[in-house]
$ cat my_file06.txt   # compact mmCIF, C-alpha atoms
# COMPACT_ATOMS: atom_id res chain seq x y z
CA MET A 1342 -52.10 14.72 -79.73
CA THR A 1343 -48.54 13.40 -79.64
CA THR A 1344 -47.95 9.66 -79.85
CA SER A 1345 -44.16 9.84 -79.68
CA GLN A 1346 -42.64 8.35 -76.53
CA ALA A 1347 -40.04 10.52 -74.79
CA GLU A 1348 -36.77 9.10 -73.53
CA THR A 1349 -37.05 11.05 -70.25
CA GLN A 1350 -39.90 13.01 -68.69
CA ARG A 1351 -39.52 15.27 -65.65
CA ILE A 1352 -42.51 15.42 -63.30
CA THR A 1353 -42.99 18.44 -61.04
CA ASP A 1354 -46.61 17.91 -59.93
CA ALA A 1355 -47.11 16.09 -56.61
CA ASP A 1356 -50.42 14.46 -57.59
CA THR A 1357 -48.87 13.04 -60.75
CA VAL A 1358 -45.97 11.61 -58.77
CA ARG A 1359 -48.40 9.98 -56.32
CA ALA A 1360 -50.25 8.41 -59.24
CA LEU A 1361 -46.93 7.21 -60.67
CA ARG A 1362 -45.92 5.55 -57.39
CA GLN A 1363 -49.34 4.02 -56.79
CA ASN A 1364 -49.55 2.53 -60.29
CA ILE A 1365 -46.00 1.33 -60.99
CA GLY A 1366 -47.14 -2.23 -61.70
CA PHE A 1367 -50.02 -1.14 -63.92
CA LEU A 1368 -47.88 1.32 -65.88
CA GLY A 1369 -45.22 -1.35 -66.39
CA LEU A 1370 -47.70 -3.30 -68.53
CA PHE A 1371 -47.56 -0.55 -71.16
CA THR A 1372 -43.91 -0.70 -72.22
CA GLN A 1373 -45.36 -1.55 -75.65
CA PRO A 1374 -48.67 -0.32 -77.11
CA ARG A 1375 -51.39 -2.29 -75.35
CA SER A 1376 -55.13 -2.09 -74.98
CA PRO A 1377 -56.37 -2.01 -71.35
CA SER A 1378 -58.54 -5.02 -72.22
CA GLU A 1379 -55.38 -6.98 -73.05
CA ILE A 1380 -53.67 -6.29 -69.73
CA ALA A 1381 -56.73 -6.42 -67.47
CA ALA A 1382 -56.12 -10.01 -66.35
CA SER A 1383 -52.41 -9.36 -65.67
CA ALA A 1384 -53.38 -6.27 -63.67
CA GLY A 1385 -55.93 -8.27 -61.66
CA MET A 1386 -58.86 -6.04 -62.53
CA ALA A 1387 -61.95 -5.98 -64.71
CA ALA A 1388 -61.54 -4.63 -68.25
CA ASN A 1389 -63.70 -1.56 -67.58
CA LEU A 1390 -61.61 -0.69 -64.52
CA ALA A 1391 -58.39 -1.13 -66.53
CA HIS A 1392 -59.76 1.31 -69.12
CA HIS A 1393 -60.66 3.77 -66.37
CA HIS A 1394 -57.14 3.59 -64.90
CA ALA A 1395 -55.51 4.00 -68.31
CA ARG A 1396 -57.62 7.08 -69.15
CA LYS A 1397 -56.80 8.65 -65.78
CA LEU A 1398 -53.06 8.04 -66.19
CA ALA A 1399 -53.18 9.35 -69.75
CA GLY A 1400 -54.85 12.49 -68.45
CA LEU A 1401 -51.94 12.97 -66.06
CA GLY A 1402 -49.44 12.56 -68.91
CA LEU A 1403 -48.03 9.19 -67.77
CA LEU A 1404 -49.55 7.21 -70.65
CA LEU A 1405 -49.97 8.13 -74.30
CA GLU A 1406 -52.89 7.12 -76.48
CA VAL A 1407 -51.03 5.85 -79.55
CA LYS A 1408 -53.77 4.42 -81.76
CA ARG A 1409 -57.35 3.17 -82.08
CA GLU A 1410 -57.97 -0.08 -83.82
CA SER A 1411 -61.18 -2.14 -84.22
CA GLY A 1412 -62.84 -0.13 -81.51
CA ARG A 1413 -59.94 -0.57 -79.06
CA VAL A 1414 -57.72 2.16 -77.63
CA PHE A 1415 -54.00 1.44 -77.29
CA TYR A 1416 -51.73 3.17 -74.77
CA ARG A 1417 -47.98 3.26 -74.18
CA LEU A 1418 -45.81 4.80 -71.48
CA ALA A 1419 -45.29 8.50 -72.15
CA ALA A 1420 -41.56 8.09 -71.41
CA ARG A 1421 -39.06 5.33 -70.88
CA GLU A 1422 -37.86 7.10 -67.73
CA PHE A 1423 -39.61 9.48 -65.31
CA ARG A 1424 -37.56 11.82 -63.14
CA VAL A 1425 -38.90 13.47 -59.98
CA PRO A 1426 -37.27 16.15 -57.78
CA SER A 1427 -36.47 14.45 -54.47
CA GLY A 1428 -38.05 17.22 -52.40
CA LEU A 1429 -41.42 17.00 -54.16
CA LEU A 1430 -42.64 14.16 -51.93
CA PRO A 1431 -40.68 14.16 -48.64
CA PRO A 1432 -40.73 11.07 -46.38
CA GLU A 1433 -43.61 12.41 -44.28
CA ASP A 1434 -45.89 12.22 -47.32
CA SER A 1435 -47.78 8.92 -47.57
CA GLU A 1436 -46.20 8.38 -51.00
CA GLY A 1437 -42.94 10.12 -50.15
CA ASN A 1438 -39.35 9.02 -50.64
CA GLY A 1439 -38.81 5.79 -48.72
CA THR A 1440 -42.21 5.80 -47.01
CA ALA A 1441 -44.14 4.10 -49.79
CA ASP A 1442 -41.26 1.71 -50.49
CA MET A 1443 -41.13 0.55 -46.87
CA ARG A 1444 -44.91 0.21 -46.65
CA GLU A 1445 -45.06 -1.88 -49.81
CA LEU A 1446 -42.08 -4.05 -48.82
CA SER A 1447 -43.41 -4.56 -45.29
CA GLY A 1448 -46.90 -5.42 -46.50
CA GLY A 1449 -45.65 -7.77 -49.19
CA PHE A 1450 -43.27 -9.55 -46.83
CA LEU A 1451 -45.93 -9.90 -44.14
CA ARG A 1452 -48.37 -11.51 -46.57
CA ALA A 1453 -45.68 -13.94 -47.73
CA TYR A 1454 -44.64 -14.66 -44.13
CA GLU A 1455 -48.22 -15.45 -43.15
CA ARG A 1456 -48.42 -17.91 -46.06
CA SER A 1457 -45.13 -19.55 -45.07
CA TRP A 1458 -46.18 -19.68 -41.41
CA ALA A 1459 -49.37 -21.54 -42.32
CA LEU A 1460 -47.26 -24.20 -44.06
CA MET A 1461 -44.51 -24.32 -41.42
CA HIS A 1462 -43.13 -27.69 -40.36
CA GLU A 1463 -44.20 -28.67 -36.85
CA GLY A 1464 -41.44 -28.02 -34.33
CA GLU A 1465 -39.58 -25.35 -36.33
CA GLU A 1466 -38.21 -22.43 -34.34
CA ASP A 1467 -37.39 -18.76 -34.75
CA VAL A 1468 -33.83 -18.07 -33.63
CA TYR A 1469 -32.47 -14.93 -31.91
CA GLY A 1470 -28.72 -15.19 -31.25
CA PHE A 1471 -26.51 -12.88 -29.19
CA GLY A 1472 -22.73 -12.89 -29.01
CA SER A 1473 -19.63 -10.76 -28.75
CA GLY A 1474 -16.19 -10.59 -30.31
CA GLU A 1475 -14.95 -13.07 -27.71
CA ARG A 1476 -17.96 -15.38 -27.96
CA PRO A 1477 -19.46 -15.56 -31.46
CA ILE A 1478 -23.11 -16.26 -32.09
CA SER A 1479 -24.01 -19.94 -32.25
CA LEU A 1480 -25.91 -20.32 -35.48
CA PRO A 1481 -28.87 -22.70 -35.56
CA PRO A 1482 -28.33 -26.08 -37.21
CA PRO A 1483 -29.37 -26.19 -40.86
CA PRO A 1484 -32.84 -27.55 -41.60
CA ASP A 1485 -33.04 -31.27 -42.27
CA SER A 1486 -36.14 -31.31 -44.47
CA ALA A 1487 -37.15 -29.50 -47.63
CA SER A 1488 -39.46 -26.51 -47.60
CA LEU A 1489 -43.13 -27.09 -48.30
CA GLU A 1490 -43.11 -24.06 -50.64
CA THR A 1491 -41.47 -23.46 -53.99
CA HIS A 1492 -40.58 -19.86 -53.01
CA PRO A 1493 -40.34 -19.77 -49.18
CA THR A 1494 -40.04 -16.54 -47.21
CA HIS A 1495 -36.58 -15.76 -45.81
CA LEU A 1496 -35.30 -13.11 -43.37
CA ASP A 1497 -31.73 -12.85 -42.11
CA SER A 1498 -30.54 -9.77 -40.20
CA LEU A 1499 -27.32 -8.94 -38.37
CA THR A 1500 -26.59 -6.05 -35.99
CA LEU A 1501 -22.98 -5.20 -35.10
CA ARG A 1502 -20.60 -2.26 -34.82
CA LEU A 1503 -19.19 -1.17 -38.20
CA SER A 1504 -16.75 1.49 -39.29
CA PRO A 1505 -18.06 3.78 -42.06
CA GLU A 1506 -15.78 2.10 -44.60
CA ARG A 1507 -16.81 -1.44 -43.65
CA TYR A 1508 -20.50 -0.48 -43.57
CA ARG A 1509 -20.35 0.82 -47.15
CA ARG A 1510 -18.34 -2.18 -48.33
CA LEU A 1511 -20.84 -4.67 -46.92
CA ALA A 1512 -23.87 -2.73 -48.19
CA ARG A 1513 -22.39 -2.60 -51.68
CA ALA A 1514 -21.51 -6.30 -51.56
CA LEU A 1515 -25.11 -7.18 -50.73
CA SER A 1516 -26.42 -4.95 -53.50
CA ALA A 1517 -23.95 -6.53 -55.92
CA LEU A 1518 -25.88 -9.80 -55.54
CA LEU A 1519 -29.01 -8.03 -56.73
CA GLU A 1520 -27.10 -6.40 -59.58
CA GLY A 1521 -26.02 -9.86 -60.69
CA ALA A 1522 -29.59 -11.15 -60.55
CA TYR A 1523 -30.78 -8.10 -62.53
CA ALA A 1524 -28.16 -8.71 -65.21
CA GLU A 1525 -29.14 -12.39 -65.42
CA GLY A 1526 -32.79 -11.42 -65.93
CA HIS A 1527 -35.95 -13.47 -65.60
CA SER A 1528 -35.95 -17.25 -65.19
CA ALA A 1529 -37.67 -19.14 -67.95
CA SER A 1530 -40.63 -19.79 -65.63
CA GLY A 1531 -41.85 -19.08 -62.13
CA PRO A 1532 -43.64 -16.26 -60.28
CA HIS A 1533 -42.32 -12.77 -59.61
CA CYS A 1534 -40.32 -12.55 -56.37
CA THR A 1535 -38.83 -9.64 -54.41
CA LEU A 1536 -35.28 -9.65 -53.01
CA ALA A 1537 -34.44 -6.63 -50.84
CA VAL A 1538 -31.36 -5.22 -49.10
CA LEU A 1539 -31.86 -3.01 -46.04
CA THR A 1540 -28.89 -1.50 -44.22
CA PHE A 1541 -29.18 1.26 -41.61
CA GLN A 1542 -27.67 2.64 -38.41
CA THR A 1543 -29.42 1.51 -35.23
CA PRO A 1544 -29.47 3.09 -31.75
CA GLN A 1545 -26.63 2.12 -29.43
CA PRO A 1546 -27.82 -0.99 -27.56
CA LEU A 1547 -27.52 -1.42 -23.83
CA GLY A 1548 -24.13 -2.92 -23.08
CA GLY A 1549 -22.80 -1.39 -26.29
CA ASN A 1550 -20.64 -4.22 -27.65
CA HIS A 1551 -22.75 -7.20 -28.64
CA LEU A 1552 -23.65 -8.76 -31.95
CA SER A 1553 -27.17 -9.93 -32.72
CA ARG A 1554 -28.38 -12.18 -35.49
CA HIS A 1555 -32.02 -12.78 -36.36
CA LEU A 1556 -32.76 -15.65 -38.73
CA ASN A 1557 -36.40 -16.25 -39.62
CA SER A 1558 -36.42 -18.46 -42.67
CA PHE A 1559 -38.58 -21.09 -44.31
CA LEU A 1560 -36.02 -22.06 -46.95
CA GLY A 1561 -35.65 -25.59 -45.59
CA ALA A 1562 -32.92 -28.02 -46.60
CA ASP A 1563 -31.40 -27.90 -50.09
$ encode --input "my_file06.txt" --output "structure tokens"
Amino acid sequence: MTTSQAETQRITDADTVRALRQNIGFLGLFTQPRSPSEIAASAGMAANLAHHHARKLAGLGLLLEVKRESGRVFYRLAAREFRVPSGLLPPEDSEGNGTADMRELSGGFLRAYERSWALMHEGEEDVYGFGSGERPISLPPPPDSASLETHPTHLDSLTLRLSPERYRRLARALSALLEGAYAEGHSASGPHCTLAVLTFQTPQPLGGNHLSRHLNSFLGAD
């Protein structure tokens, strides 16, 4: 039995990749040697279920059993980085490239949106704006009261014609904001939050030359 963590591990088995994708959060609790009993609360599961998950993932080669101490088993990630051939799980697979990401993002955002909706100020509105180069979109007035949440849900989307060069420049600029947040790291306190950038080509709309902006935010006033 090896207890030495690899720097990189290549995975070529589809079932192992599915387990990796389905258990990203759970696996992330084993960056250092930990007993499943220690991480059970963080994982939101009973200790016996955490042990079951850890044994299963160790059997697939994603976790390593590194030691036994006072009757407890300690596991650590088998590698600091896992690499998967892109064609192993194509998008049509339920855990394929992009498919699982979009399902998890959509589900997570919907749950947060439902929470924000339940706390929404009376009289607030969703705004759908349409404009053109000659007549820009009229943005809604800023909110005049603070949000009722500490971490309110926020959606802001824009659809317009873009050259390939401008599309890439804007997509990279949006991602640069996330790169900055990643470099800054965790705040001293607060819950985990997800910030996402989605950019994609859409079908040509009827009329062909309008801009559309969809703002659905619970941020409230500063």
$ closest_residue --input "my_file06.txt" --among "A:Ala1391, A:Ala1347, A:Leu1560, A:Ala1360" --to "Leu1460 in chain A" --atoms "all atoms listed in the file"
A:Leu1560
$ residues_around --input "my_file06.txt" --residues "Asp1354 in chain A" --least-positions-apart "6" --cutoff "12 Å" --atoms "all atoms listed in the file" --output "count of residues only"
11
$ closest_residue --input "my_file06.txt" --among "A:Leu1390, A:Arg1362, A:Tyr1416, A:Tyr1523" --to "Thr1440 in chain A" --atoms "all atoms listed in the file"
A:Arg1362
$ residues_around --input "my_file06.txt" --residues "Ala1512 in chain A" --least-positions-apart "6" --cutoff "12 Å" --atoms "all atoms listed in the file" --output "PyMOL selection string"
chain A and resi 1503+1505-1506+1518-1519+1537-1542
$ residues_around --input "my_file06.txt" --residues "range 1373-1388 of chain A" --least-positions-apart "5" --cutoff "12 Å" --atoms "only C-alpha atoms" --output "number ranges by chain"
A: 1344-1346, 1364-1368, 1393-1396, 1398-1399, 1404-1421
$ atom_distance --input "my_file06.txt" --atom1 "CA of Pro1532 in chain A" --atom2 "CA of Gly1448 in chain A"
17.8 Å
$ residues_around --input "my_file06.txt" --residues "range 1470-1476 of chain A" --least-positions-apart "2" --cutoff "6 Å" --atoms "all atoms listed in the file" --output "list in words"
Ile1478, His1551, Leu1552, Ser1553 and Arg1554 of chain A
$ closest_residue --input "my_file06.txt" --among "A:Ile1352, A:Leu1451, A:Val1468, A:Met1443" --to "Asn1557 in chain A" --atoms "all atoms listed in the file"
A:Val1468
$ atom_distance --input "my_file06.txt" --atom1 "CA of Phe1559 in chain A" --atom2 "CA of Met1461 in chain A"
7.3 Å
$ residues_around --input "my_file06.txt" --residues "Ala1487 in chain A" --least-positions-apart "5" --cutoff "9 Å" --atoms "all atoms listed in the file" --output "ChimeraX atom specification"
/A:1560-1563
$ atom_distance --input "my_file06.txt" --atom1 "CA of Leu1536 in chain A" --atom2 "CA of Glu1445 in chain A"
12.9 Å
$ residues_near_point --input "my_file06.txt" --point "(-30.7, -10.2, -58.8)" --cutoff "12 Å" --atoms "all atoms listed in the file" --output "PyMOL selection string"
chain A and resi 1515-1528+1533-1538
$ closest_residue --input "my_file06.txt" --among "A:Leu1370, A:Val1358, A:Leu1511, A:Ala1459" --to "Thr1494 in chain A" --atoms "only C-alpha atoms"
A:Ala1459
